[in-house]
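Below is the file input-v9.txt, which contains compact mmCIF, C-alpha atoms and all ligand atoms.
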# COMPACT_ATOMS: atom_id res chain seq x y z
CA MET E 182 54.73 117.95 102.81
CA LYS E 183 51.57 119.06 104.64
CA PHE E 184 51.62 121.90 107.16
CA ASN E 185 51.65 119.78 110.34
CA THR E 186 54.72 117.92 109.12
CA LYS E 187 56.44 121.09 107.94
CA ALA E 188 55.92 122.74 111.35
CA ILE E 189 58.14 120.00 112.80
CA HIS E 190 60.51 119.03 109.98
CA GLY E 191 60.52 121.96 107.50
CA GLY E 192 64.12 122.83 106.59
CA GLN E 193 65.48 120.60 109.39
CA HIS E 194 67.38 117.85 107.57
CA ASP E 195 70.95 116.97 108.57
CA ILE E 196 70.78 119.59 111.24
CA ASP E 197 73.84 118.23 113.07
CA PRO E 198 76.19 116.26 110.83
CA ALA E 199 78.65 115.88 113.73
CA TYR E 200 76.47 113.90 116.19
CA GLY E 201 73.02 113.67 114.60
CA SER E 202 71.26 115.61 117.36
CA VAL E 203 67.55 115.93 116.56
CA MET E 204 67.43 119.58 117.58
CA PRO E 205 70.04 121.98 116.21
CA PRO E 206 72.80 122.75 118.71
CA ILE E 207 72.76 126.28 120.11
CA TYR E 208 75.86 127.69 118.44
CA GLN E 209 76.60 130.29 121.09
CA THR E 210 79.44 131.90 119.18
CA SER E 211 80.13 135.26 117.60
CA THR E 212 82.77 134.06 115.16
CA TYR E 213 84.18 130.97 113.37
CA SER E 214 87.75 129.85 112.75
CA GLN E 215 89.17 130.09 109.24
CA THR E 216 92.02 127.95 107.87
CA THR E 217 93.10 130.68 105.49
CA PRO E 218 91.47 134.13 104.97
CA GLY E 219 88.02 133.31 103.61
CA GLY E 220 88.52 129.57 104.24
CA HIS E 221 85.51 128.83 106.47
CA LYS E 222 82.71 126.26 106.65
CA GLY E 223 79.88 128.59 105.59
CA PHE E 224 79.83 130.93 108.58
CA GLU E 225 82.28 133.70 109.38
CA TYR E 226 80.58 136.08 111.85
CA SER E 227 77.26 135.63 113.66
CA ARG E 228 75.69 138.92 112.52
CA SER E 229 76.03 137.62 108.96
CA GLY E 230 74.95 134.09 109.83
CA ASN E 231 74.72 131.55 112.62
CA PRO E 232 73.86 127.85 112.19
CA THR E 233 71.08 127.85 114.83
CA ARG E 234 69.53 130.95 113.28
CA ALA E 235 69.94 129.44 109.81
CA ALA E 236 67.96 126.35 110.91
CA LEU E 237 65.16 128.62 112.12
CA GLU E 238 65.27 130.73 108.95
CA ARG E 239 64.79 127.59 106.84
CA ALA E 240 61.85 126.61 109.05
CA PHE E 241 60.26 130.07 108.59
CA ALA E 242 60.56 129.75 104.81
CA SER E 243 59.11 126.25 104.88
CA ILE E 244 55.95 127.01 106.88
CA GLU E 245 55.20 130.17 104.87
CA ASN E 246 55.70 128.41 101.50
CA GLY E 247 58.55 130.75 100.59
CA LYS E 248 62.10 130.17 99.42
CA HIS E 249 64.02 132.43 101.80
CA GLY E 250 63.52 133.09 105.52
CA MET E 251 65.19 135.72 107.68
CA ALA E 252 65.10 136.03 111.47
CA PHE E 253 65.39 139.42 113.19
CA ALA E 254 65.78 140.73 116.74
CA SER E 255 62.09 141.74 116.83
CA GLY E 256 59.03 142.07 114.63
CA LEU E 257 59.69 145.80 114.34
CA SER E 258 63.26 145.29 113.17
CA ALA E 259 61.91 142.96 110.45
CA ILE E 260 59.52 145.74 109.32
CA ASP E 261 62.38 148.25 109.57
CA ALA E 262 64.37 146.12 107.10
CA VAL E 263 61.48 146.10 104.62
CA ILE E 264 61.07 149.90 104.68
CA LYS E 265 64.83 150.27 104.14
CA LEU E 266 64.24 148.87 100.64
CA LEU E 267 62.76 152.32 99.88
CA LYS E 268 64.25 155.72 99.05
CA PRO E 269 63.20 159.29 99.93
CA GLY E 270 60.19 160.22 97.84
CA ASP E 271 58.84 156.66 97.68
CA GLU E 272 55.28 156.08 98.85
CA VAL E 273 53.67 153.30 100.87
CA ILE E 274 49.98 152.45 101.08
CA SER E 275 49.25 150.93 104.47
CA THR E 276 46.31 149.56 106.44
CA ASN E 277 44.93 152.24 108.81
CA ASP E 278 44.01 149.84 111.66
CA LEU E 279 47.64 148.96 112.20
CA TYR E 280 49.76 147.55 115.02
CA GLY E 281 50.71 150.66 117.07
CA GLY E 282 54.45 150.03 116.89
CA THR E 283 54.35 149.73 113.11
CA TYR E 284 52.44 153.03 112.89
CA ARG E 285 55.04 154.67 115.15
CA LEU E 286 57.95 153.31 113.09
CA PHE E 287 56.38 154.53 109.83
CA THR E 288 55.36 158.00 111.04
CA LYS E 289 58.01 158.88 113.64
CA VAL E 290 61.09 157.29 112.05
CA PHE E 291 60.68 156.81 108.31
CA GLU E 292 58.62 159.91 107.47
CA GLN E 293 61.67 161.92 108.60
CA PHE E 294 63.66 160.22 105.85
CA GLY E 295 61.19 161.32 103.20
CA VAL E 296 59.12 158.14 102.81
CA LYS E 297 55.42 158.99 102.49
CA PHE E 298 52.74 156.75 104.05
CA HIS E 299 49.03 156.68 103.22
CA PHE E 300 46.97 155.00 105.97
CA ILE E 301 43.72 153.83 104.47
CA GLY E 302 40.81 151.46 105.16
CA MET E 303 41.53 148.44 102.99
CA GLU E 304 38.40 146.38 103.78
CA ASN E 305 37.28 147.51 100.37
CA ALA E 306 40.33 146.68 98.24
CA ALA E 307 39.12 148.92 95.39
CA GLN E 308 40.07 151.87 97.63
CA ILE E 309 43.76 151.06 97.26
CA GLN E 310 43.84 151.76 93.53
CA SER E 311 43.04 155.47 93.99
CA TYR E 312 46.20 155.97 96.12
CA VAL E 313 48.56 154.40 93.59
CA ASN E 314 50.89 156.71 91.66
CA ASP E 315 54.30 156.27 90.05
CA LYS E 316 56.02 156.78 93.41
CA THR E 317 54.14 153.94 95.10
CA LYS E 318 56.60 151.15 95.92
CA LEU E 319 54.95 149.12 98.67
CA ILE E 320 51.53 148.03 99.94
CA TRP E 321 51.59 147.09 103.63
CA VAL E 322 48.76 144.88 104.83
CA GLU E 323 47.88 143.53 108.25
CA THR E 324 44.98 141.05 108.39
CA PRO E 325 43.16 140.35 110.67
CA THR E 326 43.83 143.88 111.92
CA ASN E 327 44.67 144.83 115.46
CA PRO E 328 42.53 145.26 117.51
CA MET E 329 39.39 145.61 115.35
CA MET E 330 39.71 142.24 113.60
CA ASN E 331 38.98 143.69 110.16
CA ILE E 332 39.74 141.37 107.27
CA ILE E 333 41.57 142.52 104.15
CA ASP E 334 41.42 140.59 100.89
CA ILE E 335 45.07 139.64 100.23
CA LYS E 336 44.37 138.36 96.71
CA ALA E 337 42.68 141.63 95.74
CA CYS E 338 45.65 143.61 97.15
CA ALA E 339 48.04 141.36 95.21
CA SER E 340 46.22 142.05 91.96
CA VAL E 341 46.60 145.84 92.44
CA ALA E 342 50.26 145.35 93.40
CA LYS E 343 51.02 143.15 90.39
CA LYS E 344 49.28 145.48 87.97
CA HIS E 345 51.48 148.42 89.03
CA ASN E 346 54.64 146.48 89.85
CA ILE E 347 54.44 147.35 93.57
CA LEU E 348 55.67 145.08 96.37
CA LEU E 349 52.99 143.59 98.62
CA ALA E 350 53.98 142.84 102.22
CA VAL E 351 51.65 141.08 104.65
CA ASP E 352 52.06 141.12 108.44
CA ASN E 353 50.83 137.56 109.15
CA THR E 354 51.34 137.73 112.93
CA PHE E 355 47.66 137.36 113.93
CA ALA E 356 46.73 134.56 111.53
CA THR E 357 49.99 132.56 111.36
CA PRO E 358 50.67 130.29 108.35
CA TYR E 359 48.50 127.63 110.03
CA LEU E 360 45.47 129.75 109.12
CA GLN E 361 46.62 131.92 106.21
CA ARG E 362 49.47 131.69 103.68
CA PRO E 363 49.96 135.10 102.03
CA MET E 364 52.65 133.83 99.59
CA ASP E 365 50.06 131.53 98.01
CA LEU E 366 47.70 134.52 97.69
CA GLY E 367 50.26 136.65 95.82
CA ALA E 368 52.24 138.47 98.53
CA ASP E 369 55.93 139.23 97.89
CA ILE E 370 56.95 139.51 101.55
CA VAL E 371 55.47 137.85 104.63
CA MET E 372 56.38 139.40 107.97
CA HIS E 373 55.92 138.08 111.52
CA SER E 374 56.33 139.17 115.03
CA ALA E 375 57.57 135.71 116.01
CA THR E 376 57.22 136.99 119.58
CA LYS E 377 53.55 136.02 119.30
CA TYR E 378 52.16 132.71 117.94
CA LEU E 379 55.28 131.39 116.19
CA GLY E 380 57.30 131.45 119.42
CA GLY E 381 54.06 130.82 121.27
CA HIS E 382 55.28 130.79 124.87
CA SER E 383 55.75 134.49 125.71
CA ASP E 384 59.44 133.94 126.36
CA VAL E 385 61.17 135.62 123.42
CA VAL E 386 61.03 138.74 121.21
CA MET E 387 61.74 138.05 117.53
CA GLY E 388 60.79 138.96 113.97
CA ALA E 389 60.70 137.11 110.67
CA LEU E 390 60.55 137.80 106.95
CA VAL E 391 59.85 135.29 104.20
CA VAL E 392 60.19 135.96 100.45
CA ASN E 393 60.31 133.93 97.23
CA ASP E 394 62.19 136.17 94.85
CA ASP E 395 65.98 135.60 94.92
CA ALA E 396 66.92 139.22 94.12
CA LEU E 397 64.54 140.57 96.78
CA ALA E 398 65.94 138.07 99.30
CA GLU E 399 69.43 139.26 98.49
CA ARG E 400 68.52 142.92 99.07
CA LEU E 401 66.83 142.09 102.38
CA TYR E 402 69.70 139.88 103.48
CA PHE E 403 72.07 142.76 102.70
CA ILE E 404 69.98 145.07 104.91
CA GLN E 405 69.73 142.44 107.67
CA ASN E 406 73.51 142.14 107.76
CA ALA E 407 74.26 145.83 107.17
CA SER E 408 71.83 147.12 109.83
CA GLY E 409 72.50 144.20 112.15
CA ALA E 410 69.17 143.65 113.95
CA VAL E 411 69.63 139.89 114.17
CA CYS E 412 68.43 137.51 116.89
CA GLY E 413 70.75 135.38 119.01
CA PRO E 414 71.19 131.60 118.84
CA GLN E 415 69.40 130.94 122.15
CA ASP E 416 66.29 132.81 120.98
CA SER E 417 66.49 131.05 117.60
CA PHE E 418 66.42 127.72 119.42
CA LEU E 419 63.40 128.74 121.51
CA VAL E 420 61.36 129.83 118.49
CA LEU E 421 62.31 126.70 116.57
CA ARG E 422 61.04 124.67 119.51
CA GLY E 423 57.86 126.75 119.59
CA LEU E 424 57.20 126.18 115.89
CA LYS E 425 57.06 122.43 116.40
CA THR E 426 53.73 122.74 118.22
CA LEU E 427 52.30 125.65 116.20
CA HIS E 428 49.63 123.51 114.54
CA VAL E 429 48.35 121.87 117.74
CA ARG E 430 48.41 125.16 119.63
CA MET E 431 46.57 126.96 116.82
CA GLU E 432 43.90 124.29 116.66
CA ARG E 433 43.13 124.85 120.35
CA HIS E 434 43.40 128.67 120.07
CA CYS E 435 40.73 128.49 117.34
CA GLU E 436 38.51 126.08 119.28
CA ASN E 437 38.65 128.18 122.47
CA GLY E 438 38.32 131.43 120.49
CA LYS E 439 35.07 130.22 118.92
CA LYS E 440 33.59 129.17 122.29
CA ILE E 441 34.48 132.48 123.91
CA ALA E 442 33.28 134.61 120.99
CA GLU E 443 29.95 132.74 121.11
CA TYR E 444 29.70 133.19 124.88
CA LEU E 445 30.46 136.92 124.72
CA VAL E 446 28.03 137.69 121.89
CA LYS E 447 25.13 136.37 124.02
CA HIS E 448 26.17 138.28 127.15
CA PRO E 449 23.59 140.97 128.09
CA LYS E 450 26.28 143.47 129.18
CA ILE E 451 28.15 143.24 125.90
CA GLU E 452 27.36 145.54 123.00
CA LYS E 453 29.54 144.13 120.26
CA VAL E 454 32.05 141.33 119.66
CA TYR E 455 34.66 141.58 116.89
CA TRP E 456 35.63 138.14 115.60
CA PRO E 457 35.87 137.17 111.89
CA GLY E 458 34.14 133.82 112.49
CA PHE E 459 30.70 135.45 112.89
CA GLU E 460 28.59 135.27 109.75
CA ASN E 461 27.59 138.92 110.20
CA HIS E 462 31.24 140.09 110.38
CA PRO E 463 31.46 142.54 107.43
CA ASN E 464 34.21 140.53 105.69
CA HIS E 465 33.33 137.04 106.91
CA ASP E 466 33.29 135.67 103.34
CA ILE E 467 36.83 136.88 102.63
CA ALA E 468 37.97 135.46 105.97
CA LYS E 469 36.39 132.12 105.04
CA ASN E 470 38.16 132.17 101.68
CA GLN E 471 41.65 133.14 102.74
CA MET E 472 41.80 131.63 106.26
CA ASP E 473 41.38 128.00 107.32
CA ASP E 474 39.81 129.00 110.65
CA PHE E 475 39.28 132.20 112.63
CA GLY E 476 41.90 132.25 115.37
CA GLY E 477 41.89 133.15 119.02
CA MET E 478 41.97 136.95 118.87
CA ILE E 479 38.71 138.63 119.94
CA SER E 480 37.79 142.21 120.81
CA PHE E 481 34.59 143.37 122.51
CA VAL E 482 32.84 146.50 123.73
CA THR E 483 30.58 146.72 126.79
CA ARG E 484 27.17 148.43 126.73
CA GLY E 485 27.37 152.11 127.67
CA ASN E 486 31.01 152.32 126.57
CA ASN E 487 32.28 153.15 130.05
CA TYR E 488 36.06 153.56 130.41
CA GLU E 489 36.13 152.82 134.17
CA GLU E 490 33.99 149.70 133.76
CA ALA E 491 36.36 148.29 131.12
CA ILE E 492 39.30 148.92 133.46
CA ARG E 493 37.44 147.15 136.31
CA ILE E 494 36.78 144.11 134.06
CA VAL E 495 40.41 143.68 133.03
CA GLU E 496 41.55 144.18 136.64
CA ARG E 497 39.14 141.50 137.94
CA LEU E 498 40.28 138.79 135.49
CA LYS E 499 42.18 135.99 137.25
CA ILE E 500 43.13 133.42 134.57
CA PHE E 501 43.47 135.99 131.77
CA THR E 502 46.56 138.05 132.55
CA LEU E 503 46.35 141.79 131.98
CA ALA E 504 49.32 142.33 129.68
CA GLU E 505 50.47 143.57 126.31
CA SER E 506 51.28 141.01 123.61
CA LEU E 507 49.38 137.97 122.37
CA GLY E 508 49.76 134.53 120.89
CA GLY E 509 51.16 132.68 123.89
CA VAL E 510 49.71 129.50 125.41
CA GLU E 511 48.30 131.58 128.27
CA SER E 512 45.28 133.85 127.84
CA LEU E 513 45.93 137.58 127.93
CA ALA E 514 43.59 140.56 128.09
CA GLY E 515 44.35 144.13 127.10
CA HIS E 516 42.66 147.53 127.13
CA PRO E 517 43.86 149.16 123.88
CA ALA E 518 42.69 152.71 124.71
CA SER E 519 44.97 152.87 127.77
CA MET E 520 47.65 150.39 126.68
CA THR E 521 48.67 149.54 123.10
CA HIS E 522 46.84 152.48 121.49
CA ALA E 523 47.30 155.11 124.21
CA SER E 524 49.71 157.06 122.00
CA ILE E 525 47.05 157.53 119.29
CA PRO E 526 44.84 160.63 119.91
CA LYS E 527 41.31 159.72 121.17
CA GLU E 528 39.53 161.13 118.07
CA GLU E 529 41.92 159.21 115.80
CA ARG E 530 41.57 155.88 117.58
CA GLU E 531 37.78 156.21 117.87
CA LYS E 532 37.53 156.65 114.09
CA THR E 533 38.79 153.08 113.69
CA GLY E 534 36.62 151.74 116.55
CA VAL E 535 39.12 151.74 119.41
CA VAL E 536 36.64 153.22 121.90
CA ASP E 537 37.08 153.56 125.68
CA SER E 538 35.45 150.24 126.60
CA LEU E 539 37.13 148.09 123.96
CA ILE E 540 38.81 145.01 125.47
CA ARG E 541 41.06 142.71 123.44
CA LEU E 542 41.54 139.05 124.32
CA SER E 543 44.28 136.71 123.19
CA VAL E 544 42.56 133.43 123.98
CA GLY E 545 45.07 130.84 125.16
CA ILE E 546 44.94 127.06 125.19
CA GLU E 547 43.65 126.54 128.75
CA ASP E 548 40.30 124.84 129.41
CA ALA E 549 37.56 126.86 127.67
CA ASP E 550 35.10 126.48 130.59
CA ASP E 551 37.63 127.93 133.01
CA LEU E 552 38.21 130.87 130.67
CA ILE E 553 34.47 131.49 130.30
CA GLY E 554 34.06 131.27 134.09
CA ASP E 555 36.78 133.89 134.49
CA LEU E 556 35.08 136.26 132.04
CA GLU E 557 31.73 135.63 133.76
CA GLN E 558 33.02 136.70 137.19
CA ALA E 559 34.91 139.69 135.75
CA ILE E 560 32.11 141.08 133.57
CA GLY E 561 29.52 140.37 136.32
C1 LIG F 601 53.75 142.58 118.17
C2 LIG F 601 53.46 142.91 116.77
C3 LIG F 601 54.42 143.55 115.96
C4 LIG F 601 55.77 143.98 116.49
O1 LIG F 601 56.56 142.90 116.83
P1 LIG F 601 57.67 142.92 118.02
O2 LIG F 601 58.14 141.51 118.03
O3 LIG F 601 56.96 143.34 119.26
O4 LIG F 601 58.71 143.89 117.61
C5 LIG F 601 54.08 143.80 114.64
N1 LIG F 601 52.88 143.46 114.14
C6 LIG F 601 51.94 142.86 114.89
C7 LIG F 601 50.62 142.51 114.28
C8 LIG F 601 52.19 142.56 116.23
O5 LIG F 601 51.23 141.99 116.97
Written as structure tokens, that's how I'd like the structure from this file.
Amino acid sequence: MKFNTKAIHGGQHDIDPAYGSVMPPIYQTSTYSQTTPGGHKGFEYSRSGNPTRAALERAFASIENGKHGMAFASGLSAIDAVIKLLKPGDEVISTNDLYGGTYRLFTKVFEQFGVKFHFIGMENAAQIQSYVNDKTKLIWVETPTNPMMNIIDIKACASVAKKHNILLAVDNTFATPYLQRPMDLGADIVMHSATKYLGGHSDVVMGALVVNDDALAERLYFIQNASGAVCGPQDSFLVLRGLKTLHVRMERHCENGKKIAEYLVKHPKIEKVYWPGFENHPNHDIAKNQMDDFGGMISFVTRGNNYEEAIRIVERLKIFTLAESLGGVESLAGHPASMTHASIPKEEREKTGVVDSLIRLSVGIEDADDLIGDLEQAIG
């Protein structure tokens, strides 16, 4: 099955044997009746499993070309489950330009439990090798990175991971499986904040994991059930509905993203535009190899790098909404230095390029001319 068909039908056969409903019913139940202790129809308690969630989990596995899917209460709880595979003393090599919440979870929660994290620039994959030792258990990759749109070579990371028997996890939130399929490139675990493009309508918070290996799936399923950060049936239904248009939404996100990146790069008041589709993007060739298109996430910096001016621009936008998050049908704008990355010290964030005037856009699927007009009036 090709991707566009899988987005709609993947894992969705015989979804309702009782009445043949085309969408799975929302099984709004915490428990299931048993005829005799242990005599149930596959579900016994909704933390352990729920039919609506199970339908979504099969869909996740299908679109990411994996065998097992798991749905969580949020992207961060999905990451939390992955790190719980580790023990005190274990080490993780992670991307340095990382989603802020992931960085916070690693440093403020898991470091306390004795897990050691190395945050490194992975644009040059050869760098990773020098941080590997016999305690290294996991490589954590996010590509494209947030908000600098760096591209990391997943295949090169996988070859280091395989050589040393280390797990490779890829946060595929920005690219989505429409653009990039980490499993096919050698990843062991694919993670999503389904809150973003997979859900696609800014109406739900959810996380996902997809793996191939049965034993690894079993360990993660154990953690999912033991820790209990599962999503409810209503949210499962919403994300399943969102998935059915992922491919058409992504096509338009990419189309609009390209038009806006090309408009911004010619604007006299703009110093630099970060978008992997530009030929002079430092890792454009890797992006071209591992992605089918370049997506709708764009960051840019205004000339003079003035904090107040950047704030004025995001305040003046009318169609773009000033808000955290990304990946919905509507366009959003954010100012990382004062919003998503405010908790990272100025010197630290500036090292990775998150300067005072950096603005991040999640380009939606509205009319591109209207979006460009909005940027024109806001940038002035
Ligand atoms: C939003 C996001 C997360 C966290 O997901 P939540 O659903 O907000 O918990 C993780 N990684 C990336 C890249 C994100 O954009």
Hey, which residues come within 8 Å of ligand LIG 601 (chain F) if we count all atoms listed in the file? Could you give them as JSON, numbers by chain? {"E": [254, 255, 256, 257, 258, 259, 260, 279, 280, 282, 283, 323, 326, 327, 352, 353, 354, 355, 373, 374, 375, 376, 377, 386, 387, 388, 506, 507]}
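If you measure from each of E:Pro218, E:Pro325, E:Gly409, E:Gly281 to Ile467 of chain E using only C-alpha atoms, the closest one turns out to be E:Pro325.
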Interatomic distance (Å, one decimal) between atom CA of Val290 of chain E and atom CA of Asp261 of chain E: 9.5 Å
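For the atom pair formed by atom CA of Leu267 of chain E and atom CA of Phe287 of chain E, the distance is 12.0 Å, given to one decimal.
Taking atom CA of Asp466 of chain E and atom CA of Ile333 of chain E as the two end points, the separation is 10.8 Å.
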Which residues are near Asn393 of chain E? Cut-off 10 Å, all atoms listed in the file, ignore same chain within fewer than 3 positions. Put them as JSON, numbers by chain. {"E": [242, 245, 246, 247, 248, 249, 250, 364, 368, 369, 370, 371, 396, 397, 398]}
Could you save the residues just selected, with C-alpha atoms, as a tab-separated table (two decimals), in the coordinates of the input?
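Saved file part04.tsv follows:
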chain	number	residue	atom	x	y	z
E	242	ALA	CA	60.56	129.75	104.81
E	245	GLU	CA	55.20	130.17	104.87
E	246	ASN	CA	55.70	128.41	101.50
E	247	GLY	CA	58.55	130.75	100.59
E	248	LYS	CA	62.10	130.17	99.42
E	249	HIS	CA	64.02	132.43	101.80
E	250	GLY	CA	63.52	133.09	105.52
E	364	MET	CA	52.65	133.83	99.59
E	368	ALA	CA	52.24	138.47	98.53
E	369	ASP	CA	55.93	139.23	97.89
E	370	ILE	CA	56.95	139.51	101.55
E	371	VAL	CA	55.47	137.85	104.63
E	396	ALA	CA	66.92	139.22	94.12
E	397	LEU	CA	64.54	140.57	96.78
E	398	ALA	CA	65.94	138.07	99.30
Got a sec: who's within 9 Å of Leu360 of chain E, counting all atoms listed in the file, leaving out chain neighbours fewer than 2 positions off, as a VMD selection string? chain E and resid 356 to 358 362 431 471 to 476
Quick one: residues within 9 Å of His190 of chain E, all atoms listed in the file, excluding same-chain residues fewer than 3 positions away - as number ranges by chain? E: 185-187, 193-194, 240, 243, 425
Extending 8 Å beyond the listed atoms of segment 479-482 of chain E on each side, what axis-aligned box results? I want centre and edge lengths in Å to one decimal, as AutoDock Vina command-line options.
--center_x 35.8 --center_y 142.6 --center_z 121.8 --size_x 21.9 --size_y 23.9 --size_z 19.8
Selected residue, from E:Lys439, E:Arg530, E:His434, E:His448, that lies nearest to Ile546 of chain E when counting only C-alpha atoms: E:His434
So that I can see what lies close to Phe481 of chain E, please list as a PyMOL selection string the residues with an atom at most 8 Å from it, counting only C-alpha atoms and leaving out residues fewer than 3 positions away in the same chain. chain E and resi 445+451-455+539-541
I'd like the neighbourhood of Leu503 of chain E as an mmCIF file with C-alpha atoms, in the frame of the given file, where a residue qualifies if any of its atoms comes within 10 Å (using only C-alpha atoms), though same-chain residues fewer than 2 positions away should be ignored.
data_model
loop_
_atom_site.group_PDB
_atom_site.id
_atom_site.type_symbol
_atom_site.label_atom_id
_atom_site.label_comp_id
_atom_site.auth_asym_id
_atom_site.auth_seq_id
_atom_site.Cartn_x
_atom_site.Cartn_y
_atom_site.Cartn_z
ATOM 1 C CA VAL E 495 40.410 143.680 133.030
ATOM 2 C CA GLU E 496 41.550 144.180 136.640
ATOM 3 C CA ARG E 497 39.140 141.500 137.940
ATOM 4 C CA LEU E 498 40.280 138.790 135.490
ATOM 5 C CA LYS E 499 42.180 135.990 137.250
ATOM 6 C CA ILE E 500 43.130 133.420 134.570
ATOM 7 C CA PHE E 501 43.470 135.990 131.770
ATOM 8 C CA GLU E 505 50.470 143.570 126.310
ATOM 9 C CA SER E 506 51.280 141.010 123.610
ATOM 10 C CA SER E 512 45.280 133.850 127.840
ATOM 11 C CA LEU E 513 45.930 137.580 127.930
ATOM 12 C CA ALA E 514 43.590 140.560 128.090
ATOM 13 C CA GLY E 515 44.350 144.130 127.100
ATOM 14 C CA HIS E 516 42.660 147.530 127.130
ATOM 15 C CA LEU E 542 41.540 139.050 124.320
#
Calculated over all atoms listed in the file, which of the candidates E:Glu528, E:Glu511, E:Asp334, E:Glu238 has the smallest distance to Val392 of chain E? E:Glu238
Taking the partial coordinates given, rebuild segment 455-470 of chain E to contain N, CA and C atoms; return it as a PDB file, keeping the file's coordinate frame.
ATOM      1  N   TYR E 455      33.960 141.571 118.180  1.00  0.00           N
ATOM      2  CA  TYR E 455      34.660 141.580 116.890  1.00  0.00           C
ATOM      3  C   TYR E 455      35.440 140.273 116.745  1.00  0.00           C
ATOM      4  N   TRP E 456      34.988 139.445 115.841  1.00  0.00           N
ATOM      5  CA  TRP E 456      35.630 138.140 115.600  1.00  0.00           C
ATOM      6  C   TRP E 456      35.236 137.691 114.185  1.00  0.00           C
ATOM      7  N   PRO E 457      36.197 137.414 113.304  1.00  0.00           N
ATOM      8  CA  PRO E 457      35.870 137.170 111.890  1.00  0.00           C
ATOM      9  C   PRO E 457      35.074 135.902 111.628  1.00  0.00           C
ATOM     10  N   GLY E 458      34.904 135.055 112.663  1.00  0.00           N
ATOM     11  CA  GLY E 458      34.140 133.820 112.490  1.00  0.00           C
ATOM     12  C   GLY E 458      32.631 134.029 112.468  1.00  0.00           C
ATOM     13  N   PHE E 459      32.150 135.195 112.920  1.00  0.00           N
ATOM     14  CA  PHE E 459      30.700 135.450 112.890  1.00  0.00           C
ATOM     15  C   PHE E 459      30.237 135.699 111.469  1.00  0.00           C
ATOM     16  N   GLU E 460      29.095 135.094 111.119  1.00  0.00           N
ATOM     17  CA  GLU E 460      28.590 135.270 109.750  1.00  0.00           C
ATOM     18  C   GLU E 460      28.265 136.723 109.434  1.00  0.00           C
ATOM     19  N   ASN E 461      27.914 137.504 110.473  1.00  0.00           N
ATOM     20  CA  ASN E 461      27.590 138.920 110.200  1.00  0.00           C
ATOM     21  C   ASN E 461      28.817 139.842 110.308  1.00  0.00           C
ATOM     22  N   HIS E 462      30.015 139.265 110.469  1.00  0.00           N
ATOM     23  CA  HIS E 462      31.240 140.090 110.380  1.00  0.00           C
ATOM     24  C   HIS E 462      31.298 140.621 108.951  1.00  0.00           C
ATOM     25  N   PRO E 463      31.567 141.932 108.773  1.00  0.00           N
ATOM     26  CA  PRO E 463      31.460 142.540 107.430  1.00  0.00           C
ATOM     27  C   PRO E 463      32.291 141.829 106.346  1.00  0.00           C
ATOM     28  N   ASN E 464      33.422 141.224 106.709  1.00  0.00           N
ATOM     29  CA  ASN E 464      34.210 140.530 105.690  1.00  0.00           C
ATOM     30  C   ASN E 464      34.374 139.045 105.992  1.00  0.00           C
ATOM     31  N   HIS E 465      33.297 138.466 106.554  1.00  0.00           N
ATOM     32  CA  HIS E 465      33.330 137.040 106.910  1.00  0.00           C
ATOM     33  C   HIS E 465      33.645 136.151 105.699  1.00  0.00           C
ATOM     34  N   ASP E 466      33.083 136.516 104.531  1.00  0.00           N
ATOM     35  CA  ASP E 466      33.290 135.670 103.340  1.00  0.00           C
ATOM     36  C   ASP E 466      34.753 135.658 102.916  1.00  0.00           C
ATOM     37  N   ILE E 467      35.399 136.823 102.984  1.00  0.00           N
ATOM     38  CA  ILE E 467      36.830 136.880 102.630  1.00  0.00           C
ATOM     39  C   ILE E 467      37.632 136.069 103.648  1.00  0.00           C
ATOM     40  N   ALA E 468      37.280 136.234 104.930  1.00  0.00           N
ATOM     41  CA  ALA E 468      37.970 135.460 105.970  1.00  0.00           C
ATOM     42  C   ALA E 468      37.837 133.972 105.684  1.00  0.00           C
ATOM     43  N   LYS E 469      36.630 133.544 105.319  1.00  0.00           N
ATOM     44  CA  LYS E 469      36.390 132.120 105.040  1.00  0.00           C
ATOM     45  C   LYS E 469      37.216 131.640 103.848  1.00  0.00           C
ATOM     46  N   ASN E 470      37.385 132.521 102.867  1.00  0.00           N
ATOM     47  CA  ASN E 470      38.160 132.170 101.680  1.00  0.00           C
ATOM     48  C   ASN E 470      39.649 132.089 101.934  1.00  0.00           C
TER      49      ASN E 470
END
